[in-house]
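Chemist: One structure is given below, represented as structure tokens, and several questions about it will come after.
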Amino acid sequence: MSSRRLPFALVLAYLGAVVAVDLMTPSNLRLDVYAALAPMTAAALCTYWQTVFVGVLDFCLMVAHHGVVNGEVAVNRVGSFVGNALMVGASIAVARLRRDAESLLERVRATGEAAQRALLRPLPLRTRSVVVDGFYVSSQREALVGGDLYEVVDTPYGTRVLIGDVRGKGLGTLGAGAAVLTAFREAAYHRRDLEGGAVAMEQGLYRYHRSAEYQALLQPERHGGRPEDVRMRAAEEFVTALVFGTEEGPGDPGVNGHVPVVFVDCGHLAPFLIGADGGVRELEPADAGLPLGLGDLAAAPRTAQRVALPPGCRVLACTDGVTEARSPDGGFYPLAERLDAWAALPTPQLLGRLRADLDAHTGGRLQDDVAVLVMERAAEYPGTAGRDVLTEGAPAP
């Protein structure tokens, strides 16, 4: 409402200026047409009730001046009366339609946001032993989610974290992303090992590609009538993913405060280890697996990599929307260099600095969706009385 006050004041000032000039000029110089622009402008820039006020005010002023006070012939009076009535009525009708459209848009946006938030839960997310914070930016305007995905699940076997990137971008990738997320959430509770979870996600993606919903999207007539193009698109839709998490049992803080972490790489970018001393290094996998959807092409199954994180260390994982973000002159975003400079910052400040710097680097025009996650050991926080939340390096009660 406050954003509409300035246009409302300007419209009133314009109307007052027209009336003042009209009063000071000869009667044969008619300015009521110019005054009629006031309610039309209000209909485009102001609220509905502000438009009604401007329209009624304009109608009263013009009719009083040209239809009553002025000694013109009756035809001119009627013309002034009818003309102003039509302009004011049209302005109010336009304002009413715009108000209804904005109300409908708000309801649709609220519904869309609720649906998208159900797909990707807001960060940060906590489990018994870790906190995962981060941010997500869709490259598609007015969308909260796109081709990137993430999830954090607290299971009896430890924390399970997923970050992934569906080939493509925008809302058209939501189907494949939802299939992988659903399979991950289910597998996290029923499969102890992360390798089995990766197999379950790949099977979920295959089921989606065989579904009637997906086949309907790939009708041959949508691809030039060639069935081979349909099969090619299904074969090319894959998901790069990194699955990682802790292997702690209930109440087990690890040896000497070290957190045992396991990684399964499915063709995704390697994560970064940010040390307590501020050092940063990339955790390159010994055997990088193929993306989800292409696993049948590999002779051997995906393998896990295990790392013991020292106290105070953090793991940062991201999608290629970060590393491949381009500046206006074509330069890629130097993520490793930035992390070296910001490694000593607390996680919220590091994430805030990273997001702001990405916007500055790209000029506010991201070419791809962006997801960044930072996992660190959880400290005690309010509201965890009686829960098994571990502090840094401290034994469980």
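By convention in this document, the chains of the structure tokens carry letters A, B, ... by their order, each chain's residues are numbered from 1, and ligands are numbered from 1 in the order they are shown.
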Quick one: everything within 9 Å of Pro348 in chain A, counting only C-alpha atoms, minus sequence neighbours fewer than 3 positions away in the same chain. Send it as a list in words.

Modeler: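 My reading of the contact set: Asp133, Gly134, Leu345, Leu351, Gly352 and Arg353 of chain A.
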
Chemist: Restrict the selected residues to N, CA and C atoms and save them as an mmCIF file, in the first residue's frame.

Modeler:
data_model
loop_
_atom_site.group_PDB
_atom_site.id
_atom_site.type_symbol
_atom_site.label_atom_id
_atom_site.label_comp_id
_atom_site.auth_asym_id
_atom_site.auth_seq_id
_atom_site.Cartn_x
_atom_site.Cartn_y
_atom_site.Cartn_z
ATOM 1 N N ASP A 133 23.233 -25.747 6.283
ATOM 2 C CA ASP A 133 22.718 -24.452 5.868
ATOM 3 C C ASP A 133 23.101 -24.224 4.413
ATOM 4 N N GLY A 134 22.506 -23.236 3.791
ATOM 5 C CA GLY A 134 22.827 -22.959 2.402
ATOM 6 C C GLY A 134 21.817 -22.023 1.782
ATOM 7 N N LEU A 345 35.193 -17.251 8.045
ATOM 8 C CA LEU A 345 33.905 -16.653 8.390
ATOM 9 C C LEU A 345 32.946 -17.714 8.928
ATOM 10 N N LEU A 351 27.953 -17.801 3.622
ATOM 11 C CA LEU A 351 26.908 -17.985 2.622
ATOM 12 C C LEU A 351 26.387 -16.647 2.106
ATOM 13 N N GLY A 352 26.219 -15.685 3.011
ATOM 14 C CA GLY A 352 25.770 -14.368 2.577
ATOM 15 C C GLY A 352 26.766 -13.704 1.657
ATOM 16 N N ARG A 353 28.058 -13.822 1.988
ATOM 17 C CA ARG A 353 29.104 -13.243 1.132
ATOM 18 C C ARG A 353 29.132 -13.939 -0.238
#

Chemist: Go through range 264-381 of chain A residue by residue and, counting only C-alpha atoms, keep those with an atom at most 12 Å from range 197-215 of chain A; for each kept residue give the shortest atom pair and its distance in Å to one decimal, ordered by chain and increasing number, as a Markdown table.

Modeler:
| residue | atom | partner | partner_atom | distance |
| --- | --- | --- | --- | --- |
| A:Val264 | CA | A:Ala198 | CA | 7.7 |
| A:Asp265 | CA | A:Ala198 | CA | 9.0 |
| A:Cys266 | CA | A:Ala198 | CA | 7.9 |
| A:Gly267 | CA | A:Ala198 | CA | 11.6 |
| A:Gly289 | CA | A:Ala198 | CA | 10.3 |
| A:Leu290 | CA | A:Glu202 | CA | 10.7 |
| A:Pro291 | CA | A:Glu202 | CA | 8.8 |
| A:Leu292 | CA | A:Glu202 | CA | 5.1 |
| A:Gly293 | CA | A:Glu202 | CA | 5.7 |
| A:Leu294 | CA | A:Glu202 | CA | 8.4 |
| A:Gly295 | CA | A:Glu202 | CA | 7.6 |
| A:Asp296 | CA | A:Glu202 | CA | 9.7 |
| A:Pro301 | CA | A:Val199 | CA | 8.8 |
| A:Arg302 | CA | A:Ala198 | CA | 8.1 |
| A:Thr303 | CA | A:Ala198 | CA | 9.9 |
| A:Ala304 | CA | A:Ala198 | CA | 10.3 |

Chemist: Next, the residues of the selection above should be written as a compact mmCIF listing (two decimals), in the first residue's frame with C-alpha atoms.

Modeler:
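See part36.txt below for the written result:
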# COMPACT_ATOMS: atom_id res chain seq x y z
CA VAL A 264 29.04 -41.25 -2.94
CA ASP A 265 29.70 -39.23 -6.09
CA CYS A 266 27.27 -39.64 -9.00
CA GLY A 267 28.99 -37.45 -11.56
CA GLY A 289 30.63 -42.47 -10.59
CA LEU A 290 28.34 -41.77 -13.50
CA PRO A 291 25.27 -39.53 -13.10
CA LEU A 292 21.95 -41.04 -12.09
CA GLY A 293 20.25 -42.37 -15.18
CA LEU A 294 23.53 -43.48 -16.77
CA GLY A 295 24.57 -46.09 -14.21
CA ASP A 296 23.86 -48.98 -16.56
CA PRO A 301 28.75 -50.08 -9.12
CA ARG A 302 29.40 -46.73 -7.51
CA THR A 303 31.73 -46.77 -4.53
CA ALA A 304 31.81 -44.73 -1.34

Chemist: What is the CA of Leu273 in chain A to CA of Pro156 in chain A distance in Å?

Modeler: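 Result for CA of Leu273 in chain A versus CA of Pro156 in chain A: 25.0 Å, one decimal.
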
Chemist: Please, which residues of range 254-377 of chain A, numbered as in this document, come out helix (DSSP H, G or I) from DSSP, as an NGL selection string?

Modeler: :A and (255-257 or 295-297 or 320-323 or 335-342 or 347-362)

Chemist: If I take CA of Gly158 in chain A and CA of Ala114 in chain A, how far is one from the other in Å, to one decimal?

Modeler: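 Separation between CA of Gly158 in chain A and CA of Ala114 in chain A: 28.3 Å.
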
Chemist: Hey, which bits of range 254-273 of chain A sit within 12 Å of range 330-339 of chain A, and for each residue what's the closest pair of atoms and how far apart in Å (one decimal), counting only C-alpha atoms, rows by chain and increasing number, as JSON lines?

Modeler:
{"residue": "A:Leu269", "atom": "CA", "partner": "A:Leu335", "partner_atom": "CA", "distance": 12.0}
{"residue": "A:Ala270", "atom": "CA", "partner": "A:Ala336", "partner_atom": "CA", "distance": 11.5}
{"residue": "A:Pro271", "atom": "CA", "partner": "A:Ala336", "partner_atom": "CA", "distance": 10.6}
{"residue": "A:Phe272", "atom": "CA", "partner": "A:Ala336", "partner_atom": "CA", "distance": 8.4}
{"residue": "A:Leu273", "atom": "CA", "partner": "A:Leu339", "partner_atom": "CA", "distance": 10.0}

Chemist: Would you put the residues from that selection into a file with N, CA, C and O atoms, as an mmCIF file, in the first residue's frame?

Modeler:
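Listed below is the output, part-v1.cif:
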data_model
loop_
_atom_site.group_PDB
_atom_site.id
_atom_site.type_symbol
_atom_site.label_atom_id
_atom_site.label_comp_id
_atom_site.auth_asym_id
_atom_site.auth_seq_id
_atom_site.Cartn_x
_atom_site.Cartn_y
_atom_site.Cartn_z
ATOM 1 N N LEU A 269 29.978 -32.358 -8.871
ATOM 2 C CA LEU A 269 31.172 -31.619 -8.475
ATOM 3 C C LEU A 269 31.675 -32.116 -7.124
ATOM 4 O O LEU A 269 30.879 -32.427 -6.231
ATOM 5 N N ALA A 270 32.981 -32.157 -6.981
ATOM 6 C CA ALA A 270 33.557 -32.571 -5.699
ATOM 7 C C ALA A 270 33.296 -31.503 -4.643
ATOM 8 O O ALA A 270 33.319 -30.305 -4.935
ATOM 9 N N PRO A 271 33.028 -31.920 -3.400
ATOM 10 C CA PRO A 271 32.798 -30.942 -2.328
ATOM 11 C C PRO A 271 34.112 -30.347 -1.837
ATOM 12 O O PRO A 271 35.199 -30.852 -2.149
ATOM 13 N N PHE A 272 34.006 -29.294 -1.043
ATOM 14 C CA PHE A 272 35.174 -28.651 -0.444
ATOM 15 C C PHE A 272 35.165 -28.895 1.065
ATOM 16 O O PHE A 272 34.102 -28.837 1.703
ATOM 17 N N LEU A 273 36.343 -29.161 1.598
ATOM 18 C CA LEU A 273 36.522 -29.290 3.039
ATOM 19 C C LEU A 273 37.119 -27.988 3.556
ATOM 20 O O LEU A 273 38.211 -27.584 3.134
#

Chemist: Counting only C-alpha atoms, figure out which residue out of A:Ala9, A:Leu242, A:Ile92, A:Met375 gets nearest to Thr319 in chain A.

Modeler: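 Among the listed residues, the smallest separation from Thr319 in chain A belongs to A:Leu242.
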
Chemist: Which residues, written as a list in words, have at least one atom at most 12 Å from Ala90 in chain A, with only C-alpha atoms counted and residues fewer than 2 positions away on the same chain left out?

Modeler: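 Selected residues are Ala36, Leu37, Pro39, Met40, Thr41, Ala42, Ala43, Ala44, Thr51, Val52, Gly55, Gly83, Asn84, Ala85, Leu86, Met87, Val88, Ile92, Ala93, Val94, Ala95, Arg96 and Leu97 of chain A.
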
Chemist: CA of Ala118 in chain A to CA of Glu237 in chain A: how many Å, to one decimal?

Modeler: 23.0 Å

Chemist: Which polymer residues have any atom within 7 Å of an atom of range 306-315 of chain A, counting only C-alpha atoms, with same-chain residues fewer than 6 positions away left out, as a list in words?

Modeler: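 Selected residues are Gly257, His258, Val259, Pro260, Val261, Val262, Phe263, Pro271, Phe272, Leu273, Ile274, Gly275, Ala276, Val374, Met375, Glu376, Glu392 and Gly393 of chain A.
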
Chemist: Smallest atom-to-atom distance to Arg99 in chain A: which of A:Thr111, A:Thr25, A:Thr47, A:Ser129, using only C-alpha atoms?

Modeler: A:Thr47
